[in-house]
>>> print(open('input_11.pdb').read())   # PDB, C-alpha atoms and all ligand atoms
ATOM      1  CA  MET A 164      75.926  80.040 144.005
ATOM      2  CA  THR A 165      73.836  77.304 142.505
ATOM      3  CA  ALA A 166      70.175  77.660 141.766
ATOM      4  CA  PRO A 167      68.031  74.543 141.447
ATOM      5  CA  PHE A 168      66.308  75.759 138.274
ATOM      6  CA  ARG A 169      66.891  75.308 134.593
ATOM      7  CA  THR A 170      66.943  78.607 132.722
ATOM      8  CA  ASP A 171      63.959  77.521 130.646
ATOM      9  CA  ASP A 172      62.134  75.915 133.513
ATOM     10  CA  THR A 173      58.451  76.554 133.823
ATOM     11  CA  SER A 174      57.626  72.924 134.344
ATOM     12  CA  SER A 175      58.177  73.001 138.101
ATOM     13  CA  ALA A 176      54.779  74.508 138.586
ATOM     14  CA  THR A 177      51.667  72.432 138.237
ATOM     15  CA  ALA A 178      49.830  73.348 135.070
ATOM     16  CA  SER A 179      46.338  74.383 135.994
ATOM     17  CA  SER A 180      43.412  74.383 133.673
ATOM     18  CA  ALA A 181      42.244  77.721 132.381
ATOM     19  CA  GLY A 182      39.318  79.295 134.119
ATOM     20  CA  VAL A 183      40.179  79.957 137.748
ATOM     21  CA  ASP A 184      37.597  81.890 139.649
ATOM     22  CA  GLU A 185      37.618  85.633 138.902
ATOM     23  CA  GLU A 186      38.559  86.459 142.489
ATOM     24  CA  THR A 187      41.367  83.974 142.740
ATOM     25  CA  VAL A 188      44.864  85.317 142.418
ATOM     26  CA  VAL A 189      47.460  82.607 142.615
ATOM     27  CA  ALA A 190      51.080  82.637 141.659
ATOM     28  CA  ARG A 191      51.985  79.007 141.946
ATOM     29  CA  ALA A 192      55.638  78.147 142.271
ATOM     30  CA  ALA A 193      56.803  81.734 142.495
ATOM     31  CA  LEU A 194      60.416  81.757 143.604
ATOM     32  CA  THR A 195      61.340  82.764 147.128
ATOM     33  CA  ASP A 196      63.485  85.897 147.438
ATOM     34  CA  ASP A 197      66.664  83.829 147.871
ATOM     35  CA  ALA A 198      65.864  81.540 144.933
ATOM     36  CA  TRP A 199      65.033  84.524 142.715
ATOM     37  CA  THR A 200      68.305  86.273 143.635
ATOM     38  CA  ALA A 201      70.220  83.044 142.969
ATOM     39  CA  LEU A 202      68.522  82.710 139.582
ATOM     40  CA  VAL A 203      69.375  86.270 138.535
ATOM     41  CA  HIS A 204      73.011  85.795 139.653
ATOM     42  CA  ARG A 205      73.148  82.610 137.615
ATOM     43  CA  LEU A 206      71.680  84.331 134.533
ATOM     44  CA  ASN A 207      74.260  87.099 134.950
ATOM     45  CA  ARG A 208      77.061  84.585 135.107
ATOM     46  CA  GLN A 209      75.768  82.698 132.056
ATOM     47  CA  SER A 210      75.554  85.941 130.084
ATOM     48  CA  VAL A 211      79.289  86.392 130.652
ATOM     49  CA  GLU A 212      80.209  82.765 129.998
ATOM     50  CA  LYS A 213      78.161  82.282 126.842
ATOM     51  CA  HIS A 214      77.367  85.172 124.562
ATOM     52  CA  TYR A 215      77.695  85.985 120.896
ATOM     53  CA  ASP A 216      78.803  88.879 118.757
ATOM     54  CA  ALA A 217      76.859  89.488 115.555
ATOM     55  CA  TYR A 218      80.024  89.997 113.517
ATOM     56  CA  GLU A 219      82.710  87.990 115.336
ATOM     57  CA  ASP A 220      80.642  84.825 115.613
ATOM     58  CA  ILE A 221      79.081  84.729 112.150
ATOM     59  CA  ASP A 222      81.295  84.406 109.089
ATOM     60  CA  TRP A 223      79.022  86.554 106.931
ATOM     61  CA  ASP A 224      81.285  86.419 103.881
ATOM     62  CA  SER A 225      81.708  82.652 103.851
ATOM     63  CA  PRO A 226      80.514  81.286 100.472
ATOM     64  CA  ASP A 227      78.322  78.806 102.388
ATOM     65  CA  PHE A 228      76.500  81.728 104.015
ATOM     66  CA  ALA A 229      75.796  83.608 100.774
ATOM     67  CA  VAL A 230      72.231  84.899 100.489
ATOM     68  CA  ASP A 231      70.889  84.230  97.006
ATOM     69  CA  PRO A 232      67.184  85.169  96.791
ATOM     70  CA  ASP A 233      66.629  82.586  94.046
ATOM     71  CA  ASP A 234      67.957  79.786  96.246
ATOM     72  CA  PRO A 235      65.126  77.207  96.637
ATOM     73  CA  ARG A 236      66.389  76.412 100.145
ATOM     74  CA  TRP A 237      64.503  79.476 101.430
ATOM     75  CA  ALA A 238      61.154  78.105 100.228
ATOM     76  CA  GLY A 239      60.289  76.292 103.478
ATOM     77  CA  ALA A 240      59.047  79.431 105.266
ATOM     78  CA  ALA A 241      56.468  80.036 102.515
ATOM     79  CA  GLU A 242      55.640  76.390 101.967
ATOM     80  CA  GLN A 243      54.671  76.008 105.607
ATOM     81  CA  LEU A 244      52.008  78.702 105.133
ATOM     82  CA  ILE A 245      50.753  78.149 101.598
ATOM     83  CA  GLY A 246      52.297  74.909 100.372
ATOM     84  CA  GLU A 247      48.893  73.243 100.165
ATOM     85  CA  THR A 248      47.354  75.793  97.816
ATOM     86  CA  GLU A 249      46.967  75.390  94.069
ATOM     87  CA  TRP A 250      48.753  78.725  93.584
ATOM     88  CA  TRP A 251      51.888  77.304  95.198
ATOM     89  CA  GLU A 252      51.933  74.565  92.550
ATOM     90  CA  THR A 253      52.105  77.226  89.837
ATOM     91  CA  LEU A 254      55.336  78.782  91.230
ATOM     92  CA  ASP A 255      58.742  77.741  89.996
ATOM     93  CA  GLU A 256      61.584  77.047  92.449
ATOM     94  CA  SER A 257      63.043  80.526  92.157
ATOM     95  CA  ARG A 258      59.739  82.261  92.987
ATOM     96  CA  ARG A 259      59.174  79.911  95.902
ATOM     97  CA  GLY A 260      62.655  80.684  97.232
ATOM     98  CA  ARG A 261      62.153  84.456  96.884
ATOM     99  CA  LEU A 262      58.780  84.311  98.624
ATOM    100  CA  GLY A 263      60.212  82.237 101.486
ATOM    101  CA  LEU A 264      63.217  84.533 101.900
ATOM    102  CA  HIS A 265      61.006  87.616 101.931
ATOM    103  CA  ILE A 266      58.895  86.106 104.730
ATOM    104  CA  ILE A 267      62.032  85.230 106.721
ATOM    105  CA  ALA A 268      63.487  88.728 106.234
ATOM    106  CA  SER A 269      60.203  90.353 107.271
ATOM    107  CA  ARG A 270      60.024  88.276 110.435
ATOM    108  CA  MET A 271      63.593  89.187 111.296
ATOM    109  CA  ARG A 272      62.805  92.864 110.817
ATOM    110  CA  SER A 273      59.694  92.474 113.008
ATOM    111  CA  GLY A 274      61.860  90.685 115.548
ATOM    112  CA  LEU A 275      64.366  93.498 115.726
ATOM    113  CA  VAL A 276      61.674  96.187 115.995
ATOM    114  CA  PHE A 277      60.235  94.182 118.884
ATOM    115  CA  GLU A 278      63.717  93.888 120.434
ATOM    116  CA  ASN A 279      64.168  97.649 120.100
ATOM    117  CA  ILE A 280      60.954  98.323 122.066
ATOM    118  CA  LEU A 281      61.870  95.642 124.603
ATOM    119  CA  SER A 282      65.372  97.098 125.097
ATOM    120  CA  ARG A 283      64.069 100.615 125.664
ATOM    121  CA  GLY A 284      61.716  99.219 128.290
ATOM    122  CA  LEU A 285      64.466  97.170 129.934
ATOM    123  CA  LEU A 286      66.752 100.207 130.196
ATOM    124  CA  ALA A 287      63.986 102.097 131.980
ATOM    125  CA  HIS A 288      63.257  99.049 134.136
ATOM    126  CA  ALA A 289      66.949  98.748 135.132
ATOM    127  CA  LEU A 290      66.851 102.201 136.717
ATOM    128  CA  THR A 291      64.046 101.136 139.058
ATOM    129  CA  HIS A 292      66.553  98.877 140.853
ATOM    130  CA  PRO A 293      68.867 100.200 143.583
ATOM    131  CA  ASN A 294      72.655  99.942 143.733
ATOM    132  CA  GLY A 295      73.787  96.347 144.122
ATOM    133  CA  ALA A 296      70.616  94.782 142.696
ATOM    134  CA  PRO A 297      71.474  91.850 140.381
ATOM    135  CA  GLU A 298      68.373  92.685 138.322
ATOM    136  CA  PHE A 299      70.007  95.930 137.172
ATOM    137  CA  ARG A 300      72.992  94.022 135.796
ATOM    138  CA  TYR A 301      70.796  91.383 134.171
ATOM    139  CA  ALA A 302      68.637  93.976 132.415
ATOM    140  CA  TYR A 303      71.817  95.411 130.875
ATOM    141  CA  HIS A 304      73.089  91.954 129.860
ATOM    142  CA  GLU A 305      69.756  91.367 128.124
ATOM    143  CA  VAL A 306      69.840  94.729 126.346
ATOM    144  CA  ILE A 307      73.379  93.985 125.124
ATOM    145  CA  GLU A 308      72.304  90.552 123.861
ATOM    146  CA  GLU A 309      69.199  91.951 122.170
ATOM    147  CA  SER A 310      71.381  94.569 120.485
ATOM    148  CA  GLN A 311      73.621  91.839 119.078
ATOM    149  CA  HIS A 312      70.523  89.960 117.877
ATOM    150  CA  SER A 313      69.205  93.066 116.176
ATOM    151  CA  LEU A 314      72.547  93.638 114.427
ATOM    152  CA  MET A 315      72.493  90.007 113.324
ATOM    153  CA  PHE A 316      68.900  90.202 112.044
ATOM    154  CA  GLN A 317      69.454  93.519 110.274
ATOM    155  CA  GLU A 318      72.630  92.250 108.572
ATOM    156  CA  PHE A 319      70.646  89.284 107.281
ATOM    157  CA  VAL A 320      67.809  91.515 106.067
ATOM    158  CA  ASN A 321      70.297  93.814 104.313
ATOM    159  CA  ARG A 322      71.800  90.875 102.458
ATOM    160  CA  THR A 323      68.406  89.764 101.137
ATOM    161  CA  GLY A 324      67.839  93.143  99.451
ATOM    162  CA  PHE A 325      64.094  92.932 100.240
ATOM    163  CA  ASP A 326      61.978  95.777 101.523
ATOM    164  CA  THR A 327      60.525  94.549 104.799
ATOM    165  CA  GLY A 328      57.812  97.157 105.325
ATOM    166  CA  ASP A 329      56.972  98.490 108.745
ATOM    167  CA  PHE A 330      54.747  97.581 111.650
ATOM    168  CA  PRO A 331      51.134  98.749 111.206
ATOM    169  CA  LEU A 332      50.411 102.305 112.422
ATOM    170  CA  HIS A 333      48.491 101.185 115.531
ATOM    171  CA  VAL A 334      51.461  99.062 116.618
ATOM    172  CA  ARG A 335      53.897 101.939 116.076
ATOM    173  CA  MET A 336      51.652 104.184 118.138
ATOM    174  CA  LEU A 337      51.546 101.600 120.926
ATOM    175  CA  ALA A 338      55.356 101.268 121.140
ATOM    176  CA  PRO A 339      56.017 104.263 123.471
ATOM    177  CA  GLN A 340      53.176 103.085 125.733
ATOM    178  CA  VAL A 341      54.786  99.648 125.994
ATOM    179  CA  VAL A 342      58.132 101.233 126.924
ATOM    180  CA  GLY A 343      56.332 103.245 129.636
ATOM    181  CA  LEU A 344      54.818 100.050 131.055
ATOM    182  CA  ALA A 345      58.293  98.803 132.009
ATOM    183  CA  THR A 346      58.297 101.244 134.935
ATOM    184  CA  ARG A 347      54.572 101.873 135.495
ATOM    185  CA  PHE A 348      53.210  98.333 135.114
ATOM    186  CA  PRO A 349      56.157  95.918 134.699
ATOM    187  CA  GLU A 350      53.937  92.827 134.887
ATOM    188  CA  LEU A 351      52.116  93.888 131.721
ATOM    189  CA  PHE A 352      55.443  94.815 130.142
ATOM    190  CA  PHE A 353      56.686  91.272 130.782
ATOM    191  CA  VAL A 354      53.496  89.812 129.282
ATOM    192  CA  PHE A 355      54.338  91.822 126.165
ATOM    193  CA  VAL A 356      57.929  90.500 126.335
ATOM    194  CA  LEU A 357      56.712  86.914 126.576
ATOM    195  CA  GLY A 358      54.129  87.490 123.841
ATOM    196  CA  GLY A 359      56.949  88.404 121.461
ATOM    197  CA  GLU A 360      59.743  86.139 122.641
ATOM    198  CA  ASP A 361      57.844  82.911 123.260
ATOM    199  CA  PRO A 362      56.317  82.476 119.756
ATOM    200  CA  ILE A 363      59.637  83.338 118.074
ATOM    201  CA  ASP A 364      61.531  80.980 120.350
ATOM    202  CA  HIS A 365      59.013  78.197 119.752
ATOM    203  CA  SER A 366      59.118  78.489 115.955
ATOM    204  CA  GLN A 367      62.932  78.731 115.895
ATOM    205  CA  ARG A 368      63.317  75.668 118.110
ATOM    206  CA  GLU A 369      60.844  73.763 115.945
ATOM    207  CA  GLY A 370      62.765  74.840 112.831
ATOM    208  CA  LEU A 371      66.043  73.631 114.329
ATOM    209  CA  ARG A 372      64.450  70.328 115.328
ATOM    210  CA  ASN A 373      63.072  69.734 111.836
ATOM    211  CA  GLY A 374      66.264  70.875 110.127
ATOM    212  CA  ILE A 375      67.025  74.181 108.427
ATOM    213  CA  ASP A 376      68.224  73.999 104.861
ATOM    214  CA  HIS A 377      70.428  77.092 104.798
ATOM    215  CA  PRO A 378      73.504  77.151 107.119
ATOM    216  CA  LEU A 379      73.387  80.930 107.691
ATOM    217  CA  LEU A 380      69.800  80.776 108.899
ATOM    218  CA  GLU A 381      70.636  77.824 111.098
ATOM    219  CA  ARG A 382      73.575  79.699 112.667
ATOM    220  CA  ILE A 383      71.419  82.752 113.405
ATOM    221  CA  MET A 384      68.663  80.669 114.965
ATOM    222  CA  ARG A 385      71.062  78.663 117.132
ATOM    223  CA  ILE A 386      72.624  81.831 118.519
ATOM    224  CA  HIS A 387      69.209  83.329 119.135
ATOM    225  CA  VAL A 388      67.587  80.407 120.968
ATOM    226  CA  THR A 389      70.646  79.997 123.208
ATOM    227  CA  GLU A 390      70.406  83.546 124.544
ATOM    228  CA  GLU A 391      66.609  83.734 124.495
ATOM    229  CA  ALA A 392      66.401  80.890 127.027
ATOM    230  CA  ARG A 393      67.832  83.289 129.625
ATOM    231  CA  HIS A 394      65.524  86.148 128.621
ATOM    232  CA  LEU A 395      62.459  83.930 128.822
ATOM    233  CA  SER A 396      63.475  82.584 132.201
ATOM    234  CA  PHE A 397      63.893  86.102 133.583
ATOM    235  CA  ALA A 398      60.529  87.289 132.223
ATOM    236  CA  ARG A 399      58.595  84.189 133.329
ATOM    237  CA  HIS A 400      59.915  84.169 136.876
ATOM    238  CA  GLN A 401      59.589  87.934 137.186
ATOM    239  CA  LEU A 402      55.910  87.683 136.265
ATOM    240  CA  LYS A 403      55.311  84.727 138.579
ATOM    241  CA  ARG A 404      56.939  86.520 141.485
ATOM    242  CA  ASN A 405      55.126  89.813 141.154
ATOM    243  CA  VAL A 406      51.644  88.927 140.041
ATOM    244  CA  GLY A 407      50.472  87.877 143.511
ATOM    245  CA  GLU A 408      51.229  91.380 144.818
ATOM    246  CA  LEU A 409      48.949  93.121 142.349
ATOM    247  CA  GLY A 410      45.637  94.579 143.409
ATOM    248  CA  ARG A 411      42.311  93.578 141.879
ATOM    249  CA  PHE A 412      42.299  96.310 139.251
ATOM    250  CA  LYS A 413      45.731  95.552 137.819
ATOM    251  CA  THR A 414      45.114  91.791 137.967
ATOM    252  CA  SER A 415      41.894  92.233 136.039
ATOM    253  CA  LEU A 416      43.607  94.520 133.545
ATOM    254  CA  LEU A 417      46.303  91.896 132.989
ATOM    255  CA  ARG A 418      43.705  89.185 132.413
ATOM    256  CA  TYR A 419      42.027  91.115 129.634
ATOM    257  CA  THR A 420      45.055  92.733 128.002
ATOM    258  CA  ALA A 421      47.148  89.532 127.915
ATOM    259  CA  PRO A 422      45.098  87.806 125.163
ATOM    260  CA  LEU A 423      44.989  91.054 123.157
ATOM    261  CA  VAL A 424      48.783  91.350 123.347
ATOM    262  CA  LEU A 425      49.317  87.686 122.465
ATOM    263  CA  SER A 426      46.921  87.800 119.519
ATOM    264  CA  LEU A 427      48.593  90.936 118.142
ATOM    265  CA  MET A 428      52.110  89.564 118.552
ATOM    266  CA  ALA A 429      51.279  86.145 117.068
ATOM    267  CA  ASP A 430      49.774  87.860 114.051
ATOM    268  CA  LEU A 431      52.848  90.056 113.557
ATOM    269  CA  MET A 432      55.364  87.270 114.062
ATOM    270  CA  MET A 433      53.661  84.325 112.357
ATOM    271  CA  GLY A 434      51.281  85.629 109.701
ATOM    272  CA  LEU A 435      51.790  86.459 106.025
ATOM    273  CA  PRO A 436      53.050  90.093 106.000
ATOM    274  CA  PRO A 437      50.919  92.465 103.824
ATOM    275  CA  HIS A 438      53.950  93.865 101.940
ATOM    276  CA  VAL A 439      54.972  90.306 101.001
ATOM    277  CA  VAL A 440      51.451  89.660  99.702
ATOM    278  CA  LYS A 441      51.643  92.827  97.611
ATOM    279  CA  GLU A 442      55.117  92.339  96.176
ATOM    280  CA  HIS A 443      54.626  88.687  95.261
ATOM    281  CA  HIS A 444      51.035  89.158  94.037
ATOM    282  CA  VAL A 445      49.708  86.528  96.414
ATOM    283  CA  PRO A 446      46.025  85.950  95.476
ATOM    284  CA  ARG A 447      43.278  86.885  97.916
ATOM    285  CA  ASP A 448      42.066  83.307  98.366
ATOM    286  CA  VAL A 449      45.600  82.239  99.320
ATOM    287  CA  VAL A 450      45.757  84.988 101.958
ATOM    288  CA  ASP A 451      42.366  83.823 103.265
ATOM    289  CA  HIS A 452      43.623  80.263 103.323
ATOM    290  CA  VAL A 453      46.497  81.250 105.634
ATOM    291  CA  ARG A 454      44.167  83.148 107.945
ATOM    292  CA  LYS A 455      41.654  80.341 108.230
ATOM    293  CA  SER A 456      43.762  77.227 107.913
ATOM    294  CA  PRO A 457      43.591  74.846 110.892
ATOM    295  CA  GLU A 458      47.315  74.154 110.484
ATOM    296  CA  GLN A 459      48.168  77.837 110.943
ATOM    297  CA  GLN A 460      45.806  78.011 113.916
ATOM    298  CA  GLN A 461      47.543  75.012 115.403
ATOM    299  CA  ARG A 462      50.977  76.598 114.877
ATOM    300  CA  VAL A 463      49.820  79.756 116.669
ATOM    301  CA  ASP A 464      48.265  77.718 119.510
ATOM    302  CA  GLU A 465      51.425  75.671 119.928
ATOM    303  CA  SER A 466      53.640  78.759 119.876
ATOM    304  CA  LEU A 467      51.593  80.318 122.680
ATOM    305  CA  ALA A 468      51.287  77.143 124.754
ATOM    306  CA  LYS A 469      54.048  77.975 127.232
ATOM    307  CA  VAL A 470      52.961  81.528 127.898
ATOM    308  CA  ARG A 471      49.314  80.404 128.129
ATOM    309  CA  ARG A 472      50.292  77.821 130.754
ATOM    310  CA  LEU A 473      52.268  80.412 132.671
ATOM    311  CA  LEU A 474      49.375  82.875 132.684
ATOM    312  CA  SER A 475      47.059  80.118 133.825
ATOM    313  CA  GLU A 476      49.435  79.190 136.658
ATOM    314  CA  CYS A 477      49.526  82.845 137.676
ATOM    315  CA  GLY A 478      45.729  83.017 137.856
ATOM    316  CA  LEU A 479      45.636  85.336 134.861
ATOM    317  CA  ILE A 480      43.081  83.374 132.863
ATOM    318  CA  SER A 481      39.656  83.578 134.437
ATOM    319  CA  LYS A 482      36.367  82.111 133.221
ATOM    320  CA  ARG A 483      35.343  85.521 131.913
ATOM    321  CA  SER A 484      38.655  86.423 130.293
ATOM    322  CA  ALA A 485      38.758  82.963 128.661
ATOM    323  CA  ARG A 486      35.821  84.134 126.536
ATOM    324  CA  LEU A 487      38.000  86.910 125.145
ATOM    325  CA  TRP A 488      40.749  84.390 124.326
ATOM    326  CA  ARG A 489      38.220  82.341 122.370
ATOM    327  CA  ARG A 490      36.785  85.381 120.588
ATOM    328  CA  LEU A 491      40.301  86.248 119.437
ATOM    329  CA  GLY A 492      40.668  82.720 118.097
ATOM    330  CA  LEU A 493      43.203  81.691 120.727
ATOM    331  CA  ALA A 494      43.144  78.283 122.372
ATOM    332  CA  VAL A 495      42.585  78.438 126.087
TER     333      VAL A 495
HETATM  334 FE    FE B   1      66.494  88.456 120.771
HETATM  335 FE    FE B   2      65.181  88.193 124.052
END
>>> encode(input="input_11.pdb", output="structure tokens")
Amino acid sequence: MTAPFRTDDTSSATASSAGVDEETVVARAALTDDAWTALVHRLNRQSVEKHYDAYEDIDWDSPDFAVDPDDPRWAGAAEQLIGETEWWETLDESRRGRLGLHIIASRMRSGLVFENILSRGLLAHALTHPNGAPEFRYAYHEVIEESQHSLMFQEFVNRTGFDTGDFPLHVRMLAPQVVGLATRFPELFFVFVLGGEDPIDHSQREGLRNGIDHPLLERIMRIHVTEEARHLSFARHQLKRNVGELGRFKTSLLRYTAPLVLSLMADLMMGLPPHVVKEHHVPRDVVDHVRKSPEQQQRVDESLAKVRRLLSECGLISKRSARLWRRLGLAV
């Protein structure tokens, strides 16, 4: 069965400007039942045809893949955030490499914690589908793929030897609620999914486009973006399909929680982690620089561009909720 959609396709819908009327609920370009079923079958087939194993498909012990914290090739991740500061100029190559590697390891750990929450939600979501539903099978394919990603990320983190801290307490307390959303309010669950997956996918694709200095990191990112394309397609089309069926209360709730979720996730996935600041004695003014720099703001805006467009197409950015986006410092 052939579906006329690319797995990463959100471009078929007309991008609308933010700020639809509060009462308007539109889900432009939502797939018909047949097209949705064809898409899920296709994603299922692709998950069988192209998938990766964290240990079979990465030659962890190859000398080329060795993880040396003093390797200056790791510096890029830190340089992107603080390369313009005077403090950066004072660091030798080894300290720059260690700082960059610690940021990469922390993001991978954040990524796998996110994948853990996502997988628990997907397992619960799978059971809401009856026998024969292709969505059940796809949810399991995605959980299996996320598990391989998490093994891959954790193996990398282990080889760095860095302590990667933990999510802040309020995020840890929110995790069980997010898992519960997968059955009680799946549309909000998929906003959370997109809020985590889209920024990671964007920054990994950008990294691959610009060139990644270390071959192990490049291998991990290539594997990840290949499989994430399917996950993103499933989440985007699921949201588009279902949002039109929601009542006023849930639609309104989605409009106001979406920017909160996106702001939280972008901060966790793209900021300078507090334990990195502490361990590397990053000065206060450098931390402030990252928080306020227009370049960082632009990176966050760009990373959220696809999900912002999707929410806009789904009528989930209203004139009133756009104010909340702006107050959170998000482009809208
Ligand atoms: Fe993943
Ligand atoms: Fe994923």
>>> residues_near_ligand(input="input_11.pdb", ligand="ligand FE 1 (chain B)", cutoff="10 Å", atoms="all atoms listed in the file", output="ChimeraX atom specification")
/A:271,274-275,277-279,281-282,305-313,315-316,359-360,363-364,384,386-392,394
>>> closest_residue(input="input_11.pdb", among="A:His304, A:His452, A:Arg205, A:Arg486", to="ligand FE 2 (chain B)", atoms="all atoms listed in the file")
A:His304
>>> resolve_selection(input="input_11.pdb", expression="the PyMOL selection byres (((chain A and resi 237) around 7) and not hetatm)", output="list in words")
Asp234, Pro235, Arg236, Ala238, Gly239, Ala240, Gly260, Gly263 and Leu264 of chain A
>>> resolve_selection(input="input_11.pdb", expression="the PyMOL selection byres (((chain A and resi 320) around 10) and not hetatm)", output="list of chain:residue names")
A:Val230, A:Leu264, A:His265, A:Ile267, A:Ala268, A:Ser269, A:Arg270, A:Met271, A:Arg272, A:Leu314, A:Met315, A:Phe316, A:Gln317, A:Glu318, A:Phe319, A:Asn321, A:Arg322, A:Thr323, A:Gly324, A:Phe325, A:Asp326, A:Thr327
>>> write_last_selection(input="input_11.pdb", atoms="C-alpha atoms", output="compact mmCIF listing (two decimals), in the coordinates of the input")
# COMPACT_ATOMS: atom_id res chain seq x y z
CA VAL A 230 72.23 84.90 100.49
CA LEU A 264 63.22 84.53 101.90
CA HIS A 265 61.01 87.62 101.93
CA ILE A 267 62.03 85.23 106.72
CA ALA A 268 63.49 88.73 106.23
CA SER A 269 60.20 90.35 107.27
CA ARG A 270 60.02 88.28 110.44
CA MET A 271 63.59 89.19 111.30
CA ARG A 272 62.80 92.86 110.82
CA LEU A 314 72.55 93.64 114.43
CA MET A 315 72.49 90.01 113.32
CA PHE A 316 68.90 90.20 112.04
CA GLN A 317 69.45 93.52 110.27
CA GLU A 318 72.63 92.25 108.57
CA PHE A 319 70.65 89.28 107.28
CA ASN A 321 70.30 93.81 104.31
CA ARG A 322 71.80 90.88 102.46
CA THR A 323 68.41 89.76 101.14
CA GLY A 324 67.84 93.14 99.45
CA PHE A 325 64.09 92.93 100.24
CA ASP A 326 61.98 95.78 101.52
CA THR A 327 60.52 94.55 104.80
>>> atom_distance(input="input_11.pdb", atom1="atom CA of Arg418 of chain A", atom2="atom CA of Cys477 of chain A")
10.1 Å
>>> closest_residue(input="input_11.pdb", among="A:Val211, A:Ile383, A:Val406, A:Val203", to="Ala302 of chain A", atoms="all atoms listed in the file")
A:Val203
>>> atom_distance(input="input_11.pdb", atom1="atom CA of Asp220 of chain A", atom2="atom CA of Phe299 of chain A")
26.5 Å
>>> closest_residue(input="input_11.pdb", among="A:Arg347, A:Arg489, A:Arg372, A:Arg393", to="ligand FE 2 (chain B)", atoms="all atoms listed in the file")
A:Arg393
>>> closest_residue(input="input_11.pdb", among="A:Ala217, A:Val356, A:Val334, A:Leu344", to="ligand FE 2 (chain B)", atoms="all atoms listed in the file")
A:Val356
>>> resolve_selection(input="input_11.pdb", expression="the PyMOL selection byres (((chain A and resi 377) around 9) and not hetatm)", output="count of residues only")
11
>>> closest_residue(input="input_11.pdb", among="A:Trp199, A:Ala193, A:Phe353, A:Leu473", to="ligand FE 2 (chain B)", atoms="only C-alpha atoms and all ligand atoms")
A:Phe353
>>> residues_around(input="input_11.pdb", residues="Met428 of chain A", least_positions_apart="4", cutoff="9 Å", atoms="only C-alpha atoms", output="mmCIF file with C-alpha atoms, in the frame of the given file")
data_model
loop_
_atom_site.group_PDB
_atom_site.id
_atom_site.type_symbol
_atom_site.label_atom_id
_atom_site.label_comp_id
_atom_site.auth_asym_id
_atom_site.auth_seq_id
_atom_site.Cartn_x
_atom_site.Cartn_y
_atom_site.Cartn_z
ATOM 1 C CA PHE A 355 54.338 91.822 126.165
ATOM 2 C CA GLY A 358 54.129 87.490 123.841
ATOM 3 C CA GLY A 359 56.949 88.404 121.461
ATOM 4 C CA PRO A 362 56.317 82.476 119.756
ATOM 5 C CA LEU A 423 44.989 91.054 123.157
ATOM 6 C CA VAL A 424 48.783 91.350 123.347
ATOM 7 C CA MET A 432 55.364 87.270 114.062
ATOM 8 C CA MET A 433 53.661 84.325 112.357
#
>>> atom_distance(input="input_11.pdb", atom1="atom CA of Leu337 of chain A", atom2="atom CA of Gln460 of chain A")
25.3 Å
